[in-house]
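What's in data24.txt: compact mmCIF, C-alpha atoms
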# COMPACT_ATOMS: atom_id res chain seq x y z
CA MET C 1 45.09 3.97 -125.38
CA GLY C 2 48.88 4.08 -125.73
CA LEU C 3 51.00 0.98 -126.31
CA LYS C 4 53.30 -0.06 -123.52
CA SER C 5 56.87 0.28 -124.72
CA ASP C 6 59.97 -1.48 -123.47
CA SER C 7 63.26 0.29 -123.21
CA ILE C 8 66.79 -1.13 -123.28
CA GLU C 9 69.75 1.06 -122.49
CA ILE C 10 73.50 0.54 -122.91
CA ARG C 11 76.21 2.79 -121.52
CA LEU C 12 79.55 2.65 -123.27
CA PRO C 13 82.93 4.31 -122.95
CA PHE C 14 84.08 6.40 -125.92
CA LYS C 15 86.14 3.49 -127.27
CA ALA C 16 86.05 1.96 -130.75
CA GLU C 17 86.35 -1.62 -129.49
CA TYR C 18 82.86 -1.54 -127.96
CA VAL C 19 80.91 -0.45 -131.05
CA SER C 20 80.49 -4.11 -132.04
CA VAL C 21 78.71 -4.69 -128.70
CA VAL C 22 76.03 -2.18 -129.72
CA ARG C 23 75.63 -3.92 -133.07
CA LEU C 24 75.11 -7.28 -131.39
CA THR C 25 72.54 -5.80 -129.00
CA ALA C 26 70.70 -4.10 -131.85
CA SER C 27 70.67 -7.35 -133.77
CA GLY C 28 69.03 -9.24 -130.91
CA ILE C 29 66.42 -6.55 -130.26
CA ALA C 30 65.51 -6.09 -133.93
CA ASN C 31 65.25 -9.83 -134.46
CA ARG C 32 62.96 -10.12 -131.45
CA MET C 33 60.71 -7.42 -132.93
CA GLY C 34 60.31 -9.29 -136.21
CA PHE C 35 62.59 -7.32 -138.53
CA ASP C 36 63.94 -9.44 -141.37
CA ILE C 37 67.68 -10.04 -141.77
CA GLU C 38 68.13 -7.28 -144.36
CA ALA C 39 66.50 -4.72 -142.06
CA ILE C 40 68.58 -5.94 -139.11
CA GLU C 41 71.75 -5.37 -141.13
CA ASP C 42 70.51 -1.87 -142.04
CA ILE C 43 69.87 -1.00 -138.40
CA LYS C 44 73.29 -2.31 -137.36
CA VAL C 45 75.04 -0.17 -139.96
CA ALA C 46 73.07 2.97 -139.05
CA ILE C 47 73.75 2.52 -135.34
CA SER C 48 77.46 1.98 -135.93
CA GLU C 49 77.71 5.16 -137.96
CA VAL C 50 76.41 7.17 -135.00
CA CYS C 51 78.57 5.30 -132.47
CA ASN C 52 81.64 5.86 -134.67
CA LYS C 53 81.00 9.56 -134.68
CA LEU C 54 80.43 9.68 -130.93
CA VAL C 55 83.69 7.78 -130.38
CA CYS C 56 85.52 10.24 -132.65
CA CYS C 57 83.89 13.24 -130.91
CA GLY C 58 84.58 11.66 -127.53
CA GLY C 59 88.32 11.52 -128.20
CA GLU C 60 90.19 10.94 -124.98
CA ARG C 61 87.14 11.71 -122.84
CA GLU C 62 86.65 9.60 -119.73
CA GLY C 63 82.84 9.67 -119.74
CA VAL C 64 80.28 7.44 -121.39
CA TYR C 65 77.58 7.71 -124.01
CA ARG C 66 74.19 6.01 -123.91
CA VAL C 67 72.31 4.15 -126.60
CA ILE C 68 68.64 3.69 -125.76
CA PHE C 69 66.43 1.31 -127.72
CA THR C 70 62.69 1.79 -127.29
CA LEU C 71 60.32 -0.83 -128.66
CA GLU C 72 57.07 0.89 -129.55
CA GLY C 73 54.99 -1.90 -131.01
CA GLU C 74 56.47 -2.42 -134.46
CA ARG C 75 58.55 0.76 -134.32
CA LEU C 76 62.10 0.66 -133.00
CA VAL C 77 63.32 4.04 -131.77
CA ILE C 78 67.03 4.45 -131.11
CA VAL C 79 68.37 7.54 -129.38
CA PHE C 80 71.90 8.48 -128.37
CA ASP C 81 72.97 10.70 -125.53
CA SER C 82 76.16 11.79 -123.84
CA GLU C 83 76.97 13.19 -120.42
CA ASP C 84 78.73 16.02 -122.23
CA ASN C 85 76.07 18.71 -122.51
CA GLY C 86 78.30 20.73 -124.83
CA LEU C 87 77.71 18.28 -127.66
CA GLN C 88 74.85 19.51 -129.87
CA CYS C 89 75.55 18.14 -133.30
CA ILE C 90 77.96 15.27 -133.79
CA PHE C 91 77.71 15.17 -137.59
CA ASP C 92 79.11 17.71 -140.01
CA GLU C 93 77.02 17.86 -143.21
CA ASP C 94 80.14 18.12 -145.41
CA GLU C 95 82.76 16.11 -143.57
CA ASP C 96 80.39 13.26 -142.73
CA ALA C 97 78.39 13.19 -145.95
CA LEU C 98 79.07 9.49 -146.51
CA GLY C 99 77.91 8.44 -143.04
CA ILE C 100 74.87 10.72 -143.14
CA SER C 101 73.75 9.44 -146.54
CA ILE C 102 74.03 5.85 -145.28
CA ILE C 103 71.98 6.52 -142.13
CA LYS C 104 69.26 8.43 -143.98
CA ALA C 105 68.96 5.71 -146.60
CA LEU C 106 68.67 2.91 -144.07
CA MET C 107 66.38 4.38 -141.41
CA ASP C 108 62.81 5.71 -141.64
CA GLU C 109 63.23 8.80 -139.44
CA VAL C 110 66.48 10.57 -138.59
CA GLU C 111 67.19 13.69 -136.52
CA LEU C 112 70.85 14.55 -136.90
CA CYS C 113 71.18 17.24 -134.24
CA LYS C 114 70.05 17.64 -130.69
CA SER C 115 66.35 18.30 -130.45
CA GLY C 116 64.90 18.09 -127.01
CA LYS C 117 66.47 15.58 -124.71
CA TYR C 118 68.66 13.48 -126.98
CA LEU C 119 71.72 14.05 -129.11
CA PHE C 120 70.63 11.88 -132.02
CA PHE C 121 67.36 10.19 -132.91
CA MET C 122 66.43 7.55 -135.48
CA SER C 123 63.70 4.98 -135.96
CA ARG C 124 62.63 2.14 -138.18
CA THR C 125 59.35 0.27 -138.37
CA VAL C 126 58.87 -3.42 -139.19
CA GLU C 127 57.59 -3.82 -142.74
CA GLN C 128 54.37 -5.81 -142.73
CA GLN C 129 55.14 -7.92 -145.80
CA PHE C 130 58.19 -9.41 -144.13
CA LYS C 131 56.41 -10.47 -140.96
CA GLY C 132 56.10 -14.25 -140.55
CA MET A 1 55.83 -25.08 -131.75
CA GLN A 2 55.84 -22.09 -134.06
CA GLU A 3 57.01 -19.88 -131.24
CA ASN A 4 59.84 -22.25 -130.34
CA LYS A 5 61.12 -22.06 -133.87
CA THR A 6 61.09 -18.27 -133.73
CA GLN A 7 62.97 -18.29 -130.47
CA CYS A 8 65.60 -20.64 -131.86
CA LYS A 9 66.01 -18.36 -134.84
CA LEU A 10 66.62 -15.45 -132.46
CA VAL A 11 69.32 -17.27 -130.55
CA LEU A 12 71.02 -18.71 -133.58
CA TYR A 13 71.01 -15.72 -135.87
CA GLU A 14 74.33 -14.20 -134.82
CA TYR A 15 75.99 -17.57 -134.34
CA GLN A 16 74.95 -18.72 -137.80
CA GLN A 17 76.46 -15.55 -139.17
CA TYR A 18 79.75 -15.66 -137.35
CA ALA A 19 80.56 -18.75 -135.38
CA ASP A 20 79.02 -21.89 -136.84
CA ARG A 21 81.45 -22.16 -139.71
CA GLU A 22 85.06 -23.01 -139.07
CA GLY A 23 87.43 -20.07 -139.50
CA GLU A 24 84.59 -17.56 -139.35
CA LYS A 25 85.42 -14.27 -137.66
CA MET A 26 83.61 -13.27 -134.50
CA PRO A 27 81.93 -9.85 -134.27
CA GLY A 28 84.50 -7.09 -134.13
CA GLU A 29 87.23 -9.16 -135.82
CA MET A 30 88.75 -8.72 -139.25
CA ASP A 31 91.29 -10.67 -141.29
CA LEU A 32 93.09 -10.10 -144.57
CA LYS A 33 94.93 -12.85 -146.46
CA ILE A 34 97.18 -11.75 -149.30
CA GLY A 35 98.31 -13.73 -152.36
CA LYS A 36 99.38 -13.20 -155.96
CA LEU A 37 97.76 -14.42 -159.16
CA ALA A 38 99.43 -13.57 -162.49
CA ASP A 39 100.02 -9.82 -162.40
CA LYS A 40 97.32 -9.13 -159.81
CA ILE A 41 97.47 -9.06 -156.02
CA THR A 42 94.63 -11.11 -154.56
CA MET A 43 93.21 -10.53 -151.12
CA LYS A 44 90.57 -12.27 -149.05
CA LEU A 45 88.91 -9.90 -146.65
CA SER A 46 86.84 -11.51 -143.90
CA GLY A 47 84.96 -10.61 -140.74
CA GLU A 48 83.92 -7.08 -139.82
CA VAL A 49 85.54 -3.84 -140.94
CA ASP A 50 84.52 -1.15 -138.49
CA ILE A 51 86.05 1.81 -136.70
CA TYR A 52 88.11 -0.54 -134.53
CA THR A 53 89.51 -2.83 -137.24
CA SER A 54 89.72 -0.37 -140.13
CA GLN A 55 93.04 1.19 -139.11
CA GLY A 56 94.78 -2.19 -139.40
CA LEU A 57 93.18 -2.74 -142.79
CA LYS A 58 94.31 0.69 -143.99
CA GLU A 59 97.94 0.00 -143.11
CA LYS A 60 97.92 -3.39 -144.86
CA LEU A 61 96.14 -2.21 -148.02
CA TYR A 62 98.26 0.90 -148.45
CA GLU A 63 101.43 -1.10 -147.90
CA VAL A 64 100.40 -3.68 -150.52
CA VAL A 65 99.56 -0.99 -153.09
CA GLU A 66 102.79 0.91 -152.44
CA SER A 67 105.05 -2.13 -152.60
CA ASN A 68 103.43 -3.92 -155.57
CA LYS A 69 101.92 -1.18 -157.74
CA ALA A 70 99.62 -3.86 -159.20
CA ASP A 71 95.86 -4.33 -159.60
CA LEU A 72 94.14 -5.45 -156.39
CA VAL A 73 91.45 -8.12 -156.40
CA ILE A 74 89.63 -8.25 -153.08
CA ASP A 75 87.46 -11.29 -152.42
CA CYS A 76 84.64 -10.24 -150.09
CA THR A 77 82.92 -13.64 -149.79
CA ASP A 78 83.44 -13.76 -146.03
CA LEU A 79 83.15 -10.05 -145.36
CA ASN A 80 80.13 -9.76 -143.05
CA TYR A 81 80.10 -6.07 -142.28
CA ILE A 82 81.64 -2.77 -143.33
CA ASP A 83 80.87 0.80 -142.30
CA SER A 84 81.81 4.23 -143.62
CA SER A 85 85.25 4.09 -142.01
CA GLY A 86 85.95 0.92 -144.00
CA LEU A 87 84.46 2.37 -147.17
CA GLY A 88 86.70 5.43 -146.72
CA ILE A 89 89.74 3.17 -146.58
CA LEU A 90 88.72 1.34 -149.73
CA ILE A 91 88.30 4.72 -151.47
CA GLY A 92 91.77 5.76 -150.28
CA THR A 93 93.18 2.46 -151.56
CA LEU A 94 91.52 2.97 -154.94
CA LYS A 95 92.95 6.50 -155.19
CA LYS A 96 96.41 5.19 -154.39
CA ALA A 97 96.08 2.36 -156.93
CA LYS A 98 94.82 4.78 -159.60
CA SER A 99 97.85 7.01 -159.02
CA TYR A 100 99.93 4.06 -160.31
CA GLY A 101 97.51 3.43 -163.18
CA ARG A 102 96.07 0.38 -161.38
CA ASN A 103 92.59 -0.65 -160.29
CA VAL A 104 90.73 -2.27 -157.39
CA TYR A 105 88.29 -5.13 -158.03
CA LEU A 106 85.74 -6.12 -155.40
CA ASN A 107 84.38 -9.63 -155.85
CA ASN A 108 81.58 -11.67 -154.28
CA MET A 109 80.12 -9.04 -151.96
CA LYS A 110 77.18 -10.07 -149.79
CA ASP A 111 73.89 -8.31 -150.41
CA ASN A 112 74.14 -6.12 -147.30
CA ILE A 113 77.59 -4.88 -148.38
CA ARG A 114 76.53 -4.42 -152.01
CA LYS A 115 73.60 -2.33 -150.77
CA LEU A 116 75.99 0.11 -149.07
CA PHE A 117 78.01 0.49 -152.26
CA SER A 118 74.80 1.18 -154.15
CA ILE A 119 73.50 3.75 -151.60
CA THR A 120 76.78 5.66 -151.62
CA GLY A 121 77.35 5.39 -155.38
CA LEU A 122 80.65 3.59 -154.81
CA ASP A 123 79.53 0.74 -157.08
CA LYS A 124 80.24 3.13 -159.95
CA LEU A 125 83.72 3.94 -158.67
CA PHE A 126 84.99 0.40 -158.08
CA ILE A 127 84.86 -2.58 -160.40
CA VAL A 128 82.31 -4.73 -158.58
CA ASN A 129 81.87 -8.34 -159.67

Take the structure from the file and write it as structure tokens.
Amino acid sequence: MGLKSDSIEIRLPFKAEYVSVVRLTASGIANRMGFDIEAIEDIKVAISEVCNKLVCCGGEREGVYRVIFTLEGERLVIVFDSEDNGLQCIFDEDEDALGISIIKALMDEVELCKSGKYLFFMSRTVEQQFKG
Amino acid sequence: MQENKTQCKLVLYEYQQYADREGEKMPGEMDLKIGKLADKITMKLSGEVDIYTSQGLKEKLYEVVESNKADLVIDCTDLNYIDSSGLGILIGTLKKAKSYGRNVYLNNMKDNIRKLFSITGLDKLFIVN
């Protein structure tokens, strides 16, 4: 029997000033799920790295990108998507080495390039020992 | 009762971090105060350094290094958040300082910031106190 999962979605313009809004949202969701403060900070940093890259890729584009949080029990899945179907891989392994190393170190699962429906995928699960 | 406490924690978490203390920066804000102590330039960096605020930080830091050609001591006590764009600017500042034979000291970093320096190996590049 599968667990019922809740989904929360934000749509943002490709503008740097709104990345902090995603961090605040992530903070509230992760706290609700029972992540400790250190893990919440990790998730915020990882999310920002992806948003930064989307904003840079987005340039002067008029459209929006989506950040979708899915709460699967103790696992938080975060996917990113854009209306621009041309975007396949927002990260460059060489140019973005710093950002990639940060995301991979802070999240449990990371898919850097488009696989299936979404442009970027990452997840993190609540660690049992930190649960109150 | 237990649940109420948890709910309060949820509501207060961000406010405790950013807004409860006087002078604290709100999310998405950054501030840099500059002073001088002996032959070193001292700076107090506070708030959040992200893709939006980092450009302003870059201009200030580079200007200070160029005009003083002195060691920089950056107090990070009230720095709540930094991402790779901010780290890139600190690296650029260090390179600039080194070109004048100077150094950059990073003091009093919070654990979440220190962790990023450790992950990226930057703790070996800067003098972290």

ask   = chain C residues within 12 Å of chain A, counting all atoms listed in the file: which ones, as a VMD selection string?
value = chain C and resid 14 to 56 95 to 106 131 to 132

task = Pick out the residues sitting within 6 Å of range 72-75 of chain C, and hand them over as number ranges by chain; count all atoms listed in the file, and ignore anything fewer than 6 positions along from it in its own chain.
result = C: 5, 124-126

Please produce a file of the residues just selected, as a tab-separated table (two decimals), in the frame of the given file, where the atoms kept are C-alpha atoms.
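Written out: result00.tsv:
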chain	number	residue	atom	x	y	z
C	5	SER	CA	56.87	0.28	-124.72
C	124	ARG	CA	62.63	2.14	-138.18
C	125	THR	CA	59.35	0.27	-138.37
C	126	VAL	CA	58.87	-3.42	-139.19

remark   = Correct to one decimal, the distance CA of Leu122 in chain A-CA of Gly35 in chain A is 24.9 Å

request  = For range 108-110 of chain C, please output as a list in words all residues within 6 Å (counting only C-alpha atoms; exclusion window: fewer than 4 positions along the same chain).
outcome  =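 Here the qualifying residues turn out to be Phe121, Met122, Ser123 and Arg124 of chain C.
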
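Taking CA of Gly92 in chain A and CA of Val64 in chain A as endpoints, the distance between them is 12.8 Å.
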
inquiry  = Could you check the closest approach to Leu87 in chain C for each of C:Met107, C:Thr70, C:Pro13, C:Phe120 and tell me which residue wins, using all atoms listed in the file?
reply    = C:Phe120

inquiry  = Rounded to one decimal, what separation in Å do you get between CA of Gln88 in chain C and CA of Ser54 in chain A?
reply    =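 Going from CA of Gln88 in chain C over to CA of Ser54 in chain A covers 26.9 Å.
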
ask   = Which residues, protein or nucleic acid, reach to within 9 Å of (81.9, -13.2, -147.2) in the file's coordinates when using all atoms listed in the file, and can you give that as a ChimeraX atom specification?
value = /A:44-47,75-81,108-110

inquiry  = Here's a test: counting all atoms listed in the file, identify every protein, DNA and RNA residue with an atom at most 12 Å from (97.2, -15.7, -149.2) in the file's coordinate frame, and state them as a ChimeraX atom specification.
reply    = /A:31-37,41-45,73-75

query = Using all atoms listed in the file, which residue out of A:Arg114, A:Glu63, A:Leu57, A:Asp71 lies closest to Leu90 in chain A?
reply = A:Leu57

task = Name all residues at most 8 Å from Val79 in chain C (count only C-alpha atoms; drop same-chain ones fewer than 2 positions away) and give them as a list in words.
result =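 The residues that qualify are Val67, Ile68, Phe69, Val77, Asp81, Tyr118, Leu119, Phe120, Phe121 and Met122 of chain C.
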
ask   = Given the choices C:Val64, C:Cys89, C:Leu76, C:Arg11, which gets closest to Glu127 in chain C if the distance is worked out from all atoms listed in the file?
value = C:Leu76

task = Extract, using all atoms listed in the file, all DNA, RNA and protein residues at most 12 Å from Tyr100 in chain A, discarding same-chain residues fewer than 6 positions from it, and format them as a list in words.
result = Val65, Glu66, Ser67, Asn68, Lys69, Ala70, Asp71, Leu72, Thr93 and Leu94 of chain A
